[in-house]
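S.K.: Input structure: input_12.txt, which contains compact mmCIF, C-alpha atoms.
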# COMPACT_ATOMS: atom_id res chain seq x y z
CA MET A 32 0.00 0.00 0.00
CA LEU A 33 2.80 2.43 0.96
CA ARG A 34 4.78 1.60 -2.15
CA SER A 35 1.70 2.09 -4.32
CA GLY A 36 1.06 5.44 -2.61
CA ILE A 37 4.63 6.55 -3.24
CA ARG A 38 4.31 5.67 -6.92
CA GLN A 39 1.27 7.92 -7.19
CA LEU A 40 3.36 10.92 -6.13
CA THR A 41 4.76 13.18 -8.82
CA HIS A 42 8.49 13.72 -8.99
CA VAL A 43 8.03 17.24 -7.65
CA GLN A 44 6.07 15.85 -4.67
CA LYS A 45 8.74 13.19 -4.13
CA LEU A 46 11.45 15.85 -4.12
CA ILE A 47 9.48 18.03 -1.72
CA ALA A 48 8.82 15.06 0.62
CA SER A 49 12.44 13.89 0.56
CA PHE A 50 13.92 17.32 1.12
CA SER A 51 11.38 17.87 3.91
CA LEU A 52 12.63 14.72 5.66
CA ILE A 53 16.22 15.82 5.17
CA GLY A 54 15.37 19.29 6.49
CA ILE A 55 13.64 17.79 9.53
CA CYS A 56 16.74 15.71 10.32
CA LEU A 57 19.07 18.67 9.97
CA ILE A 58 16.79 21.04 11.90
CA THR A 59 16.40 18.42 14.65
CA ALA A 60 20.19 18.11 14.80
CA VAL A 61 20.60 21.87 15.08
CA VAL A 62 17.84 22.20 17.69
CA TYR A 63 19.25 19.33 19.73
CA ALA A 64 22.73 20.85 19.52
CA ILE A 65 21.40 24.24 20.64
CA ILE A 66 19.50 22.66 23.54
CA GLY A 67 22.58 20.66 24.52
CA LEU A 68 24.80 23.72 24.35
CA GLY A 69 22.26 25.61 26.43
CA THR A 70 22.29 22.85 29.07
CA MET A 71 26.09 22.84 29.07
CA HIS A 72 26.15 26.61 29.35
CA HIS A 73 23.80 26.42 32.33
CA MET A 74 25.97 23.74 33.96
CA VAL A 75 29.18 25.71 33.39
CA GLY A 76 27.52 28.87 34.68
CA ASP A 77 26.37 27.01 37.79
CA ILE A 78 29.90 25.73 38.37
CA ALA A 79 31.36 29.20 37.91
CA ARG A 80 28.79 30.92 40.12
CA ASN A 81 28.53 28.37 42.90
CA ASP A 82 31.12 25.62 42.95
CA LEU A 83 34.16 27.79 42.23
CA THR A 84 32.91 30.40 44.73
CA ALA A 85 32.36 27.64 47.30
CA ALA A 86 35.84 26.21 46.68
CA THR A 87 37.36 29.68 47.13
CA ALA A 88 35.31 30.16 50.31
CA VAL A 89 36.63 26.88 51.76
CA LEU A 90 40.21 28.00 51.18
CA THR A 91 39.41 31.38 52.70
CA LEU A 92 37.89 29.65 55.76
CA ARG A 93 41.07 27.68 56.28
CA ASP A 94 43.25 30.80 56.01
CA THR A 95 40.92 32.76 58.28
CA MET A 96 40.95 29.94 60.84
CA GLN A 97 44.73 30.00 60.90
CA ALA A 98 44.69 33.79 61.37
CA ARG A 99 42.27 33.38 64.34
CA GLN A 100 44.61 30.85 65.93
CA ARG A 101 47.56 33.20 65.61
CA ALA A 102 45.57 36.03 67.19
CA VAL A 103 44.64 33.73 70.12
CA VAL A 104 48.27 32.71 70.68
CA ARG A 105 49.36 36.36 70.76
CA PHE A 106 46.56 37.23 73.14
CA GLN A 107 47.69 34.41 75.46
CA ILE A 108 51.24 35.74 75.44
CA PHE A 109 50.76 39.49 75.58
CA LYS A 110 47.25 39.83 77.08
CA GLN A 111 46.74 43.01 75.07
CA PRO A 112 43.26 44.12 73.86
CA GLU A 113 44.38 44.76 70.25
CA PHE A 114 44.94 41.03 69.79
CA LYS A 115 41.43 40.42 71.06
CA GLU A 116 40.09 42.90 68.51
CA LEU A 117 42.17 41.20 65.80
CA TYR A 118 40.62 37.89 66.76
CA ASN A 119 37.13 39.39 66.63
CA ARG A 120 37.73 40.79 63.15
CA GLN A 121 39.01 37.43 61.96
CA SER A 122 36.01 35.69 63.53
CA GLU A 123 33.63 38.10 61.82
CA SER A 124 35.38 37.45 58.50
CA PHE A 125 35.12 33.70 59.18
CA GLN A 126 31.36 33.94 59.75
CA GLN A 127 30.83 36.00 56.59
CA THR A 128 32.78 33.47 54.53
CA LEU A 129 30.83 30.64 56.14
CA SER A 130 27.56 32.39 55.13
CA VAL A 131 28.79 32.63 51.54
CA LEU A 132 29.72 28.95 51.63
CA GLN A 133 26.25 28.04 52.91
CA ARG A 134 24.64 29.84 49.93
CA LYS A 135 27.04 28.44 47.31
CA SER A 136 27.78 24.99 48.65
CA GLY A 137 25.35 23.28 46.26
CA GLY A 138 24.15 20.76 48.81
CA ALA A 139 27.34 20.13 50.81
CA ASP A 140 26.78 19.27 54.51
CA LEU A 141 27.99 22.26 56.64
CA SER A 142 26.38 21.24 59.92
CA GLU A 143 29.58 19.79 61.41
CA LEU A 144 31.56 22.87 60.38
CA SER A 145 29.02 25.22 61.94
CA LYS A 146 28.94 23.16 65.14
CA ALA A 147 32.75 22.97 65.37
CA SER A 148 33.07 26.70 64.65
CA SER A 149 30.58 27.56 67.40
CA ALA A 150 32.37 25.31 69.90
CA TYR A 151 35.71 26.91 69.02
CA SER A 152 34.28 30.42 69.37
CA ASN A 153 32.78 29.59 72.80
CA THR A 154 36.09 28.16 74.00
CA ILE A 155 38.07 31.24 72.92
CA GLU A 156 35.43 33.57 74.40
CA ARG A 157 35.84 31.90 77.83
CA LEU A 158 39.59 32.16 77.44
CA MET A 159 39.43 35.89 76.77
CA LEU A 160 37.10 36.37 79.75
CA GLY A 161 39.88 35.07 81.99
CA ASN A 162 38.84 31.46 82.37
CA HIS A 163 41.56 28.89 82.33
CA ILE A 164 41.52 26.77 79.16
CA SER A 165 44.13 24.10 78.71
CA ASP A 166 46.29 24.02 75.63
CA ALA A 167 44.94 20.57 74.82
CA ALA A 168 41.35 21.88 74.83
CA LEU A 169 42.31 24.81 72.63
CA LYS A 170 44.16 22.54 70.26
CA ASN A 171 41.30 20.06 70.14
CA ALA A 172 38.73 22.79 69.40
CA ALA A 173 40.90 24.18 66.58
CA GLU A 174 41.51 20.74 65.12
CA GLN A 175 37.76 20.03 65.05
CA VAL A 176 37.19 23.19 62.98
CA GLU A 177 40.07 22.39 60.62
CA LYS A 178 38.84 18.80 60.29
CA ALA A 179 35.33 20.04 59.42
CA ILE A 180 36.78 22.51 56.87
CA GLU A 181 38.76 19.73 55.25
CA SER A 182 35.67 17.51 55.16
CA VAL A 183 33.68 20.28 53.46
CA ARG A 184 36.53 20.87 51.00
CA THR A 185 36.62 17.14 50.13
CA GLU A 186 32.86 17.00 49.68
CA GLN A 187 32.86 20.18 47.63
CA LYS A 188 35.63 18.80 45.45
CA LYS A 189 33.61 15.62 44.89
CA LEU A 190 30.51 17.63 43.94
CA LEU A 191 32.56 19.67 41.49
CA GLU A 192 34.03 16.55 39.91
CA ASN A 193 30.53 15.07 39.51
CA LYS A 194 29.29 18.24 37.81
CA LEU A 195 32.29 18.33 35.50
CA ALA A 196 31.72 14.68 34.62
CA ALA A 197 28.03 15.40 33.93
CA ALA A 198 29.03 18.34 31.74
CA GLY A 199 31.43 16.08 29.85
CA GLU A 200 28.74 13.45 29.36
CA GLN A 201 26.32 16.12 28.18
CA GLU A 202 28.89 17.39 25.69
CA SER A 203 29.56 13.88 24.39
CA ARG A 204 25.84 13.08 24.15
CA THR A 205 25.07 16.36 22.38
CA SER A 206 27.93 15.88 19.93
CA ALA A 207 26.96 12.26 19.23
CA TRP A 208 23.27 12.99 18.66
CA ALA A 209 23.89 16.11 16.60
CA LEU A 210 26.45 14.29 14.48
CA GLY A 211 24.16 11.26 14.17
CA LEU A 212 21.20 13.34 13.05
CA ALA A 213 23.35 15.30 10.62
CA LEU A 214 24.80 12.09 9.17
CA SER A 215 21.30 10.62 8.97
CA GLY A 216 20.17 13.66 6.99
CA ALA A 217 23.19 13.40 4.70
CA THR A 218 22.68 9.64 4.24
CA LEU A 219 18.99 10.17 3.54
CA ALA A 220 19.87 12.87 1.02
CA PHE A 221 22.30 10.52 -0.71
CA LEU A 222 19.78 7.65 -0.79
CA VAL A 223 16.97 9.90 -2.06
CA ALA A 224 19.25 11.34 -4.73
CA ALA A 225 20.35 7.83 -5.76
CA LEU A 226 16.75 6.57 -5.91
CA LEU A 227 15.54 9.58 -7.87
CA VAL A 228 18.47 9.38 -10.30
CA TYR A 229 17.80 5.66 -10.75
CA SER A 230 14.09 6.30 -11.27
CA PHE A 231 14.74 9.16 -13.71
CA SER A 232 17.39 7.29 -15.69
CA THR A 233 15.36 4.06 -15.87
CA SER A 234 12.22 5.83 -17.05
CA ILE A 235 14.12 8.01 -19.52
CA ASN A 236 15.96 4.97 -20.92
CA LYS A 237 12.60 3.25 -21.41
CA LEU A 238 11.25 6.33 -23.16
CA GLN A 239 14.37 6.48 -25.33
CA GLN A 240 13.96 2.84 -26.31
CA ALA A 241 10.27 3.47 -26.98
CA THR A 242 11.23 6.39 -29.23
CA HIS A 243 13.54 4.15 -31.26
CA ARG A 244 10.89 1.42 -31.47
CA ILE A 245 8.19 3.86 -32.58
CA ALA A 246 10.59 5.49 -35.06
CA ALA A 247 11.18 2.01 -36.46
CA GLY A 248 7.43 1.55 -36.94
CA ASP A 249 6.55 -0.45 -33.81
CA PHE A 250 3.58 1.69 -32.85
CA ASP A 251 2.22 -0.94 -30.43
CA HIS A 252 5.29 -0.86 -28.16
CA ASP A 253 4.51 -0.24 -24.47
CA PRO A 254 7.44 1.13 -22.39
CA HIS A 255 5.77 -0.18 -19.18
CA ILE A 256 6.36 2.96 -17.13
CA PRO A 257 4.05 3.23 -14.08
CA SER A 258 1.67 6.17 -14.13
CA GLY A 259 1.35 8.70 -11.34
CA ASP A 260 4.28 11.03 -11.94
CA GLU A 261 5.40 13.35 -14.72
CA ILE A 262 7.34 10.67 -16.61
CA GLY A 263 4.40 8.27 -16.28
CA ALA A 264 2.12 10.94 -17.74
CA LEU A 265 4.66 11.55 -20.51
CA SER A 266 4.69 7.80 -21.20
CA GLN A 267 0.89 7.80 -21.53
CA ASP A 268 1.10 10.75 -23.94
CA PHE A 269 3.80 8.84 -25.83
CA MET A 270 1.53 5.82 -26.20
CA ARG A 271 -1.37 7.98 -27.34
CA MET A 272 0.95 9.61 -29.85
CA ALA A 273 2.00 6.17 -31.11
CA VAL A 274 -1.65 5.21 -31.58
CA ARG A 275 -2.25 8.44 -33.48
CA LEU A 276 0.86 7.87 -35.60
CA LYS A 277 -0.38 4.37 -36.39
CA GLU A 278 -3.70 5.82 -37.49
CA LEU A 279 -1.97 8.48 -39.57
CA GLU A 280 0.25 5.84 -41.15
CA GLN A 281 -2.80 3.81 -42.09
CA ILE A 282 -4.47 6.92 -43.48
CA SER A 283 -1.30 7.83 -45.37
CA LEU A 284 -1.02 4.34 -46.87
CA ASP A 285 -4.71 4.42 -47.74
CA ALA A 286 -4.60 7.95 -49.18
CA SER A 287 -4.83 8.54 -52.90
CA PRO A 288 -1.35 9.10 -54.38
CA LEU A 289 -2.89 11.47 -56.93
CA THR A 290 -5.10 13.77 -54.81
CA ARG A 291 -3.44 13.09 -51.40
CA LEU A 292 -6.94 12.79 -49.95
CA PRO A 293 -7.76 10.05 -47.40
CA GLY A 294 -9.01 6.75 -48.83
CA ASN A 295 -11.59 4.14 -47.94
CA ILE A 296 -10.28 3.23 -44.46
CA ALA A 297 -10.30 6.85 -43.33
CA ILE A 298 -13.72 7.44 -44.91
CA GLU A 299 -15.21 4.48 -43.06
CA ARG A 300 -13.56 5.53 -39.78
CA SER A 301 -14.92 9.08 -40.12
CA ILE A 302 -18.49 7.88 -40.72
CA ASN A 303 -18.40 5.24 -37.97
CA ARG A 304 -17.11 7.77 -35.47
CA ARG A 305 -20.07 10.03 -36.12
CA LEU A 306 -22.42 7.08 -35.83
CA ARG A 307 -20.93 6.18 -32.43
CA GLU A 308 -21.17 9.77 -31.24
CA GLY A 309 -24.81 9.99 -32.36
CA THR A 310 -24.38 13.29 -34.23
CA SER A 311 -26.34 14.51 -37.24
CA PHE A 312 -24.26 14.72 -40.42
CA ALA A 313 -24.47 14.58 -44.19
CA MET A 314 -22.58 12.06 -46.30
CA CYS A 315 -22.07 13.43 -49.86
CA TYR A 316 -21.16 11.02 -52.67
CA LEU A 317 -19.52 12.90 -55.61
CA ASP A 318 -19.01 11.40 -59.07
CA LEU A 319 -17.68 12.86 -62.32
CA ASP A 320 -19.92 12.39 -65.37
CA ASN A 321 -18.45 11.76 -68.85
CA PHE A 322 -14.98 11.27 -67.36
CA LYS A 323 -14.23 8.11 -69.40
CA SER A 324 -14.84 9.89 -72.70
CA TYR A 325 -12.49 12.68 -71.64
CA ASN A 326 -9.81 10.14 -70.71
CA ASP A 327 -10.19 8.43 -74.09
CA ARG A 328 -9.92 11.76 -75.93
CA TYR A 329 -7.19 13.58 -73.99
CA GLY A 330 -5.26 10.74 -72.35
CA TYR A 331 -4.66 9.62 -68.77
CA ILE A 332 -2.23 12.45 -67.96
CA LYS A 333 -4.78 15.19 -68.61
CA ALA A 334 -7.47 13.04 -66.97
CA SER A 335 -5.31 12.60 -63.87
CA GLU A 336 -4.81 16.36 -63.71
CA ILE A 337 -8.59 16.86 -63.70
CA LEU A 338 -8.93 14.39 -60.81
CA LYS A 339 -6.21 16.18 -58.89
CA GLN A 340 -7.79 19.61 -59.46
CA THR A 341 -11.24 18.24 -58.59
CA GLY A 342 -9.92 17.03 -55.24
CA GLU A 343 -8.50 20.49 -54.54
CA VAL A 344 -11.74 22.19 -55.59
CA ILE A 345 -13.83 19.96 -53.33
CA TYR A 346 -11.44 20.44 -50.42
CA GLU A 347 -11.38 24.25 -50.72
CA ALA A 348 -15.15 24.48 -51.18
CA VAL A 349 -15.76 22.41 -48.03
CA LYS A 350 -13.17 24.39 -46.14
CA CYS A 351 -15.15 27.56 -46.85
CA GLN A 352 -18.08 26.14 -44.86
CA ASN A 353 -16.08 26.60 -41.61
CA ASP A 354 -16.90 23.16 -40.26
CA PRO A 355 -13.78 22.11 -38.29
CA ASP A 356 -14.95 18.48 -38.29
CA ALA A 357 -15.63 18.28 -42.04
CA PHE A 358 -13.98 15.44 -43.95
CA VAL A 359 -13.03 15.07 -47.64
CA GLY A 360 -11.99 11.67 -49.04
CA HIS A 361 -11.17 10.08 -52.38
CA ILE A 362 -12.72 6.65 -52.88
CA GLY A 363 -10.79 6.11 -56.07
CA GLY A 364 -11.08 6.93 -59.75
CA ASP A 365 -13.59 9.77 -60.19
CA ASP A 366 -15.49 9.10 -56.95
CA PHE A 367 -15.16 11.38 -53.90
CA VAL A 368 -16.82 11.63 -50.48
CA VAL A 369 -17.58 14.62 -48.24
CA VAL A 370 -18.80 14.24 -44.66
CA LEU A 371 -19.90 17.41 -42.83
CA ASP A 372 -22.58 19.02 -40.70
CA ALA A 373 -26.01 18.26 -42.17
CA ARG A 374 -26.98 21.94 -41.97
CA LEU A 375 -24.13 22.83 -44.35
CA ALA A 376 -24.86 20.18 -46.98
CA LYS A 377 -26.78 22.43 -49.41
CA ALA A 378 -24.28 25.30 -49.27
CA ALA A 379 -21.38 22.89 -49.68
CA CYS A 380 -22.94 21.18 -52.73
CA GLN A 381 -23.65 24.51 -54.41
CA GLU A 382 -20.14 25.82 -53.74
CA ILE A 383 -18.49 22.63 -55.00
CA ILE A 384 -20.52 22.62 -58.23
CA SER A 385 -19.91 26.34 -58.80
CA ARG A 386 -16.16 25.96 -58.46
CA PHE A 387 -16.05 22.71 -60.44
CA ASP A 388 -18.01 24.08 -63.40
CA ALA A 389 -15.72 27.13 -63.46
CA MET A 390 -12.65 24.87 -63.52
CA VAL A 391 -13.58 22.22 -66.09
CA PRO A 392 -13.60 24.25 -69.40
CA ALA A 393 -9.90 25.06 -69.04
CA PHE A 394 -9.08 21.36 -69.53
CA TYR A 395 -10.67 21.28 -73.01
CA SER A 396 -9.43 22.59 -76.32
CA GLU A 397 -10.89 25.80 -77.65
CA GLU A 398 -12.79 23.84 -80.30
CA ASP A 399 -14.36 21.45 -77.79
CA ARG A 400 -15.23 24.29 -75.43
CA ALA A 401 -17.01 26.09 -78.24
CA ALA A 402 -18.92 22.93 -79.17
CA GLY A 403 -19.68 22.18 -75.53
CA ALA A 404 -19.11 18.50 -76.21
CA ILE A 405 -16.71 15.94 -77.63
CA GLU A 406 -17.15 12.92 -79.88
CA GLY A 407 -16.28 9.51 -78.52
CA ILE A 408 -17.18 5.85 -78.11
CA ASP A 409 -19.32 4.76 -75.21
CA ARG A 410 -18.71 1.62 -73.15
CA TYR A 411 -20.76 -0.40 -75.58
CA GLY A 412 -18.63 0.64 -78.58
CA VAL A 413 -21.25 2.99 -80.00
CA PRO A 414 -20.11 6.42 -81.30
CA ARG A 415 -21.65 9.22 -79.25
CA VAL A 416 -21.39 12.92 -78.48
CA PHE A 417 -20.47 13.49 -74.83
CA PRO A 418 -21.05 16.79 -72.99
CA LEU A 419 -18.27 18.40 -70.99
CA ILE A 420 -17.45 16.72 -67.68
CA SER A 421 -19.99 17.50 -64.99
CA LEU A 422 -20.33 16.63 -61.29
CA SER A 423 -23.15 14.68 -59.65
CA ILE A 424 -23.57 14.86 -55.85
CA ALA A 425 -25.81 12.57 -53.83
CA ALA A 426 -26.09 13.94 -50.26
CA LEU A 427 -27.62 11.72 -47.64
CA THR A 428 -28.59 13.30 -44.30
CA CYS A 429 -27.91 10.88 -41.44
CA GLN A 430 -29.78 11.36 -38.16
CA PRO A 431 -28.92 9.50 -34.94
CA GLY A 432 -30.31 5.97 -35.11
CA GLY A 433 -31.10 6.22 -38.84
CA TYR A 434 -28.21 4.04 -40.02
CA ALA A 435 -26.16 1.35 -38.30
CA THR A 436 -22.95 1.19 -40.36
CA ALA A 437 -20.91 3.12 -42.89
CA ALA A 438 -21.55 0.39 -45.46
CA GLU A 439 -25.30 0.90 -45.12
CA ILE A 440 -24.91 4.64 -45.69
CA ALA A 441 -22.64 4.07 -48.72
CA THR A 442 -25.21 1.73 -50.29
CA ALA A 443 -28.00 4.26 -49.76
CA ALA A 444 -25.89 7.11 -51.19
CA ALA A 445 -24.99 5.03 -54.27
CA GLY A 446 -28.66 4.54 -54.97
CA VAL A 447 -29.30 8.25 -54.76
CA LYS A 448 -26.33 8.97 -57.07
CA ASP A 449 -27.95 7.06 -59.90
CA ARG A 450 -30.95 9.37 -59.66
CA VAL A 451 -28.74 12.47 -59.87
CA LYS A 452 -27.09 11.23 -63.06
CA GLU A 453 -30.46 11.19 -64.82
CA SER A 454 -30.18 15.00 -65.13
CA SER A 455 -27.69 16.66 -67.48
CA GLY A 456 -24.92 18.94 -66.20
CA SER A 457 -23.70 19.27 -62.64
CA ASN A 458 -26.43 18.58 -60.09
CA TYR A 459 -27.00 17.53 -56.53
CA ILE A 460 -29.73 15.83 -54.54
CA ILE A 461 -30.07 15.99 -50.76
CA VAL A 462 -32.11 13.20 -49.20
CA ARG A 463 -33.34 14.32 -45.84
CA GLU A 464 -35.24 12.48 -43.16
CA ALA A 465 -38.52 10.80 -44.11
CA GLY A 466 -37.50 10.65 -47.77
CA VAL A 467 -37.64 14.39 -48.41
CA ILE A 468 -35.50 15.17 -51.50
CA GLU A 469 -34.01 18.60 -52.19
CA THR A 470 -32.33 19.45 -55.52
Mind turning this structure into structure tokens?

M.R.:
Amino acid sequence: MLRSGIRQLTHVQKLIASFSLIGICLITAVVYAIIGLGTMHHMVGDIARNDLTAATAVLTLRDTMQARQRAVVRFQIFKQPEFKELYNRQSESFQQTLSVLQRKSGGADLSELSKASSAYSNTIERLMLGNHISDAALKNAAEQVEKAIESVRTEQKKLLENKLAAAGEQESRTSAWALGLALSGATLAFLVAALLVYSFSTSINKLQQATHRIAAGDFDHDPHIPSGDEIGALSQDFMRMAVRLKELEQISLDASPLTRLPGNIAIERSINRRLREGTSFAMCYLDLDNFKSYNDRYGYIKASEILKQTGEVIYEAVKCQNDPDAFVGHIGGDDFVVVLDARLAKAACQEIISRFDAMVPAFYSEEDRAAGAIEGIDRYGVPRVFPLISLSIAALTCQPGGYATAAEIATAAAGVKDRVKESSGSNYIIVREAGVIET
């Protein structure tokens, strides 16, 4: 089903669909890369704002703690108030740094550090109030703070390493997916291009072979190109053209070599088509009178010239009726056929006779024109005087359902022609429906 649906798409639609898929892959790759870069940027910013600040704060706490211890030692030795003030300033700085660390720690446990710092501060406060504090107690309190600072530093370092590892994984994942999507788009583009090139080249090769076959006269050749796209439509047009060429070849072979008018096959096809379509038309049977006597007197070359000129006269006279579907054929010898709109039959007959009668005298000698006749032998061997060539037209109006075949119409028209020949000179008879005859 999917394959059949794809075949129904035109090449333009296939190109649009394929490039849309490629565009989606590439856009997805770009969007994913942008999102990944944004995530990495956020992670790096978080590290810069928090983790690095926290790491710096831990180092500052350690330095500040050492400065507090030095101030305490000096106070123990000299008992001067300035060393107490120095200790207080260092303690205040320690608390401020601890507050910064609490905001930037990113989840590190600072409870032990806060507890140890408070215990150390209480111990030193009692010392400065004059209470006796042993060196071991002072040392132990300081070591607890330093131990807590080191624990926080270790934990903070571990958190930083985890974030850096996550950032690295995010970078690798973003790069891999973006590259994969981009390569998928490129691969898809290559495959689509290959398939389209193969489809184009295969179809074009078939059309090329069909062209050679048709040029060689094989009008029935089928290139077997599936329909649905532009090349399929072109193939169908090609086959229709081949059928038309075959018809034209048949018409050409059937055409009269003298008048170049279509022959019996084309005449029959024209009449049968109108019968199938159920249209009203007139079939006119035209015959030259006294043609044999002219041929005997002037020879076949002059007689052939009259036939040729008669065909041209009939064709031009019918053309003047402005019926685009009108047809003029040459049965053979001195017999012609005209098929046209029934409403134009009378005008066409009159125009044909007028032009024919104006043409004929030029084919006779001056003496015969003056006499209006020639002497000759009829078909029975009896000497006779024959008038100048004239034209008899038997026009049969055909209504839908009146006749079944072209042969039936030809037989009826032949019967009417014999009646026309009973009159002298060029004449016509139009047999309309219900036997109405118009002359």

S.K.: State, in Å with one decimal place, the distance from CA of Arg157 (chain A) to CA of Leu132 (chain A).

M.R.: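 That distance, rounded to one decimal, is 27.1 Å.
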
S.K.: May I ask which of the residues A:Asn321, A:His361, A:Gly54, A:Phe394 is the closest one to Ile296 (chain A), counting only C-alpha atoms?

M.R.: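 The closest residue to Ile296 (chain A) is A:His361.
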
S.K.: Using all atoms listed in the file, which of the listed residues (A:Thr59, A:Val223, A:Gly364, A:Leu375) sits closest to Lys350 (chain A)?

M.R.: A:Leu375

S.K.: Find the distance between CA of Glu382 (chain A) and CA of Asn295 (chain A) and write it in Å to one decimal.

M.R.: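 Computing the Euclidean distance for CA of Glu382 (chain A) and CA of Asn295 (chain A) yields 24.0 Å.
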
S.K.: Could you name the residues that touch region 113-121 of chain A at 8 Å or less, counting only C-alpha atoms, but leaving out those on the same chain fewer than 2 positions away, as a CSV table (one decimal) with C-alpha atoms, in the frame of the given file?

M.R.:
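Output file part.csv follows:
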chain,number,residue,atom,x,y,z
A,95,THR,CA,40.9,32.8,58.3
A,96,MET,CA,41.0,29.9,60.8
A,98,ALA,CA,44.7,33.8,61.4
A,99,ARG,CA,42.3,33.4,64.3
A,102,ALA,CA,45.6,36.0,67.2
A,103,VAL,CA,44.6,33.7,70.1
A,105,ARG,CA,49.4,36.4,70.8
A,106,PHE,CA,46.6,37.2,73.1
A,110,LYS,CA,47.2,39.8,77.1
A,111,GLN,CA,46.7,43.0,75.1
A,123,GLU,CA,33.6,38.1,61.8
A,124,SER,CA,35.4,37.4,58.5
A,125,PHE,CA,35.1,33.7,59.2
A,159,MET,CA,39.4,35.9,76.8

S.K.: With distances taken over all atoms listed in the file, which of A:Lys237, A:Arg386, A:His73, A:Arg328 is nearest to Leu422 (chain A)?

M.R.: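 Nearest candidate to Leu422 (chain A) out of A:Lys237, A:Arg386, A:His73, A:Arg328: A:Arg386.
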
S.K.: Residues at most 12 Å from region 160-169 of chain A, counting only C-alpha atoms, excluding those fewer than 2 positions away in the same chain, as a PyMOL selection string?

M.R.: chain A and resi 99-100+103-104+106-107+110+112+115+150-158+171-176

S.K.: Put those residues in a file: C-alpha atoms, as a PDB file, in the frame of the given file.

M.R.:
ATOM      1  CA  ARG A  99      42.270  33.380  64.340  1.00  0.00           C
ATOM      2  CA  GLN A 100      44.610  30.850  65.930  1.00  0.00           C
ATOM      3  CA  VAL A 103      44.640  33.730  70.120  1.00  0.00           C
ATOM      4  CA  VAL A 104      48.270  32.710  70.680  1.00  0.00           C
ATOM      5  CA  PHE A 106      46.560  37.230  73.140  1.00  0.00           C
ATOM      6  CA  GLN A 107      47.690  34.410  75.460  1.00  0.00           C
ATOM      7  CA  LYS A 110      47.250  39.830  77.080  1.00  0.00           C
ATOM      8  CA  PRO A 112      43.260  44.120  73.860  1.00  0.00           C
ATOM      9  CA  LYS A 115      41.430  40.420  71.060  1.00  0.00           C
ATOM     10  CA  ALA A 150      32.370  25.310  69.900  1.00  0.00           C
ATOM     11  CA  TYR A 151      35.710  26.910  69.020  1.00  0.00           C
ATOM     12  CA  SER A 152      34.280  30.420  69.370  1.00  0.00           C
ATOM     13  CA  ASN A 153      32.780  29.590  72.800  1.00  0.00           C
ATOM     14  CA  THR A 154      36.090  28.160  74.000  1.00  0.00           C
ATOM     15  CA  ILE A 155      38.070  31.240  72.920  1.00  0.00           C
ATOM     16  CA  GLU A 156      35.430  33.570  74.400  1.00  0.00           C
ATOM     17  CA  ARG A 157      35.840  31.900  77.830  1.00  0.00           C
ATOM     18  CA  LEU A 158      39.590  32.160  77.440  1.00  0.00           C
ATOM     19  CA  ASN A 171      41.300  20.060  70.140  1.00  0.00           C
ATOM     20  CA  ALA A 172      38.730  22.790  69.400  1.00  0.00           C
ATOM     21  CA  ALA A 173      40.900  24.180  66.580  1.00  0.00           C
ATOM     22  CA  GLU A 174      41.510  20.740  65.120  1.00  0.00           C
ATOM     23  CA  GLN A 175      37.760  20.030  65.050  1.00  0.00           C
ATOM     24  CA  VAL A 176      37.190  23.190  62.980  1.00  0.00           C
TER      25      VAL A 176
END

S.K.: Write out as JSON lines a residue-level contact list of region 272-364 of chain A versus region 453-465 of chain A with cut-off 9 Å: for each qualifying residue the closest pair of atoms and the distance in Å to one decimal, counting only C-alpha atoms, rows sorted by chain and residue number upward.

M.R.:
{"residue": "A:Ala313", "atom": "CA", "partner": "A:Ile461", "partner_atom": "CA", "distance": 8.7}
{"residue": "A:Cys315", "atom": "CA", "partner": "A:Ile461", "partner_atom": "CA", "distance": 8.4}
{"residue": "A:Leu317", "atom": "CA", "partner": "A:Tyr459", "partner_atom": "CA", "distance": 8.8}
{"residue": "A:Leu319", "atom": "CA", "partner": "A:Ser457", "partner_atom": "CA", "distance": 8.8}
{"residue": "A:Asp320", "atom": "CA", "partner": "A:Gly456", "partner_atom": "CA", "distance": 8.3}

S.K.: Next, dump the selected residues to file, keeping only C-alpha atoms, as an mmCIF file, keeping the file's coordinate frame.

M.R.:
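What landed in selection08.cif:
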data_model
loop_
_atom_site.group_PDB
_atom_site.id
_atom_site.type_symbol
_atom_site.label_atom_id
_atom_site.label_comp_id
_atom_site.auth_asym_id
_atom_site.auth_seq_id
_atom_site.Cartn_x
_atom_site.Cartn_y
_atom_site.Cartn_z
ATOM 1 C CA ALA A 313 -24.470 14.580 -44.190
ATOM 2 C CA CYS A 315 -22.070 13.430 -49.860
ATOM 3 C CA LEU A 317 -19.520 12.900 -55.610
ATOM 4 C CA LEU A 319 -17.680 12.860 -62.320
ATOM 5 C CA ASP A 320 -19.920 12.390 -65.370
#

S.K.: From the options A:Gln201, A:Gln133, A:Ser324, A:Gln187, which residue's atoms come nearest to Arg415 (chain A), counting all atoms listed in the file?

M.R.: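 Of the candidates, the smallest distance to Arg415 (chain A) is held by A:Ser324.
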
S.K.: When distances are computed from all atoms listed in the file, which of A:Asp372, A:Glu200, A:Asp140, A:Asp77 shows the smallest separation from Asp356 (chain A)?

M.R.: A:Asp372

S.K.: Between A:Thr91, A:Gln381, A:Asn326, A:Ser203, single out the one closest to Gly407 (chain A), counting only C-alpha atoms.

M.R.: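 Comparing A:Thr91, A:Gln381, A:Asn326, A:Ser203 against Gly407 (chain A), the winner is A:Asn326.
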
S.K.: May I ask for the distance between CA of Phe312 (chain A) and CA of Lys377 (chain A), given in Å to one decimal place?

M.R.: 12.1 Å

S.K.: Quick one: residues within 10 Å of Ala224 (chain A), all atoms listed in the file counted, chain neighbours fewer than 6 positions away excluded, as a list in words?

M.R.: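 Listing them by chain and then by number gives Leu46, Ser49, Phe50, Thr218 and Ser230 of chain A.
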